[in-house]
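Here is the structure we will look at, set down as structure tokens.
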Amino acid sequence: MEANQKEFLSLIDEYQKIIHKVCSMYTDNRIDHEDLFQEILTQLWIGYGRFNGQSKLSTWIYRVSLYTSISYIKKVIKDREGLKELVIEEPSSIKTEESDEELMKLAIKKLERADKAFILLYLEDKSYKEMSEILGISESNVGVKLNRIKKKLKILMG
């Protein structure tokens with residue numbers, strides 16, 4: 001195995017939790033999670049030789065993972081969304097009491113794809129500076145978008 005491949009496998013071993021968290025945010029089942037994980041690994045491998053170290057490695061991994069997830073969802077899972085909406089119950093109609101955490105998870109699942117990226121990074125305690133680097137927007141824009149997303153979540157949670 002060549003050195004570049006060994007470095008890459010070591011990198012994946014070290015940062016796979018980040019990739020799994022992103023996959024969990026954008027998928028609802030194990031099969032889609034595994035498929036998306038593999039797609040992210042493919043995109044990371046393709047881009048690994050071009051990573052120039054201008055940003056932190058974790059920032060680059062987040063960025064590739066988030067953009068790959070958004071593209072993947074548009075391409076592969078979009079057809080299934082119509083069917084899922086017919087089956088999924090609204091939180092207000094669920095008979096059992098839900099914990100705040102469960103209500104939050106349900107609300108996050110209903111957010112737009114790009115908004116999920118902001119929430120994931122926010123929940124990971126990333127600073128506005130780190131979020132701006134990962135998402136490619138200004139720090140002030142991060143703050144504005146996060147405030148709007150938080151308001152959406154409050155509405156979705158009832």
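By order of appearance in the structure tokens: chains A, B, ..., then residues from 1 within every chain, and ligands from 1 in the order shown.
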
**Request:** Select from range 23-153 of chain A everything DSSP, run on the backbone, classes as helix (DSSP H, G or I), then give the selection as a PyMOL selection string.
**Result:** chain A and resi 23-26+30-48+57-87+91-93+100-110+113-123+128-135+139-153

**Item:** Near-Gly47 in chain A list (12 Å; only C-alpha atoms; drop same-chain fewer than 3 positions) as a ChimeraX atom specification
**Value:** /A:8,40-44,50-52,60-61,63-65,68

Within 10 Å of Lys152 in chain A using only C-alpha atoms, minus same-chain residues under 3 positions, as a PDB file with N, CA and C atoms, in the first residue's frame:
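So result.pdb came out as:
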```pdb
ATOM      1  N   ALA A 107     -37.767  18.000  14.716  1.00  0.00           N
ATOM      2  CA  ALA A 107     -37.772  19.338  14.120  1.00  0.00           C
ATOM      3  C   ALA A 107     -36.577  19.521  13.191  1.00  0.00           C
ATOM      4  N   ILE A 108     -35.411  19.052  13.605  1.00  0.00           N
ATOM      5  CA  ILE A 108     -34.212  19.182  12.770  1.00  0.00           C
ATOM      6  C   ILE A 108     -34.388  18.412  11.462  1.00  0.00           C
ATOM      7  N   LYS A 110     -36.925  18.109   9.779  1.00  0.00           N
ATOM      8  CA  LYS A 110     -37.816  18.861   8.892  1.00  0.00           C
ATOM      9  C   LYS A 110     -37.168  20.107   8.288  1.00  0.00           C
ATOM     10  N   LEU A 111     -35.992  20.469   8.780  1.00  0.00           N
ATOM     11  CA  LEU A 111     -35.298  21.645   8.245  1.00  0.00           C
ATOM     12  C   LEU A 111     -34.828  21.399   6.818  1.00  0.00           C
ATOM     13  N   ASP A 115     -29.888  24.204   6.139  1.00  0.00           N
ATOM     14  CA  ASP A 115     -30.078  24.571   7.540  1.00  0.00           C
ATOM     15  C   ASP A 115     -29.571  23.466   8.463  1.00  0.00           C
ATOM     16  N   LEU A 146     -28.079  31.392  11.745  1.00  0.00           N
ATOM     17  CA  LEU A 146     -28.350  30.596  12.937  1.00  0.00           C
ATOM     18  C   LEU A 146     -29.557  31.124  13.706  1.00  0.00           C
ATOM     19  N   ASN A 147     -29.665  32.440  13.823  1.00  0.00           N
ATOM     20  CA  ASN A 147     -30.826  33.015  14.514  1.00  0.00           C
ATOM     21  C   ASN A 147     -32.123  32.660  13.792  1.00  0.00           C
ATOM     22  N   ARG A 148     -32.128  32.714  12.480  1.00  0.00           N
ATOM     23  CA  ARG A 148     -33.321  32.354  11.702  1.00  0.00           C
ATOM     24  C   ARG A 148     -33.663  30.881  11.865  1.00  0.00           C
ATOM     25  N   ILE A 149     -32.647  30.040  11.869  1.00  0.00           N
ATOM     26  CA  ILE A 149     -32.868  28.596  12.014  1.00  0.00           C
ATOM     27  C   ILE A 149     -33.400  28.282  13.408  1.00  0.00           C
ATOM     28  N   ILE A 155     -40.609  27.145  16.190  1.00  0.00           N
ATOM     29  CA  ILE A 155     -41.934  26.998  15.580  1.00  0.00           C
ATOM     30  C   ILE A 155     -42.238  25.524  15.334  1.00  0.00           C
ATOM     31  N   LEU A 156     -41.257  24.796  14.791  1.00  0.00           N
ATOM     32  CA  LEU A 156     -41.458  23.380  14.490  1.00  0.00           C
ATOM     33  C   LEU A 156     -41.696  22.541  15.753  1.00  0.00           C
ATOM     34  N   MET A 157     -41.099  22.963  16.851  1.00  0.00           N
ATOM     35  CA  MET A 157     -41.229  22.215  18.102  1.00  0.00           C
ATOM     36  C   MET A 157     -42.521  22.574  18.835  1.00  0.00           C
ATOM     37  N   GLY A 158     -43.180  23.639  18.367  1.00  0.00           N
ATOM     38  CA  GLY A 158     -44.452  24.025  18.970  1.00  0.00           C
ATOM     39  C   GLY A 158     -44.247  24.771  20.190  1.00  0.00           C
TER      40      GLY A 158
END
```

Set the distance at 12 Å and use only C-alpha atoms: which residues neighbour Phe37 in chain A once local chain neighbours fewer than 6 positions away are removed? I'd like the list as a short mmCIF file (atom, residue, chain, number, x, y, z; two decimals) with C-alpha atoms, in the first residue's frame.
```cif
data_model
loop_
_atom_site.label_atom_id
_atom_site.label_comp_id
_atom_site.auth_asym_id
_atom_site.auth_seq_id
_atom_site.Cartn_x
_atom_site.Cartn_y
_atom_site.Cartn_z
CA ILE A 12 -10.46 8.46 7.97
CA GLN A 16 -14.80 9.05 10.94
CA LYS A 17 -16.98 10.31 13.83
CA ILE A 18 -17.40 13.63 12.02
CA ILE A 19 -18.45 11.84 8.84
CA HIS A 20 -20.91 9.60 10.72
CA LYS A 21 -22.48 12.63 12.45
CA VAL A 22 -23.02 14.31 9.11
CA CYS A 23 -24.48 11.11 7.66
CA SER A 24 -26.85 10.80 10.63
CA MET A 25 -28.09 14.33 10.10
CA TYR A 26 -29.02 13.64 6.47
CA THR A 27 -30.26 10.03 6.55
CA ARG A 30 -28.76 2.39 8.17
CA ILE A 31 -28.61 1.60 4.44
CA GLN A 43 -15.21 12.39 -2.48
CA LEU A 44 -12.61 12.77 0.27
CA VAL A 64 -16.64 17.86 1.83
CA SER A 65 -19.01 15.81 4.00
CA LEU A 66 -21.72 18.47 4.11
CA THR A 68 -21.52 15.66 -0.56
CA SER A 69 -24.48 14.96 1.72
CA TYR A 72 -26.40 12.98 -2.43
#
```

**Fill in**
Among A:Asp32, A:Glu2, A:Glu14, A:Glu133, Gln54 in chain A is approached most closely, using only C-alpha atoms, by A:Glu133

**Asked** So what do you get for CA of Ile70 in chain A versus CA of Arg113 in chain A, distance-wise?
**Response** 6.2 Å
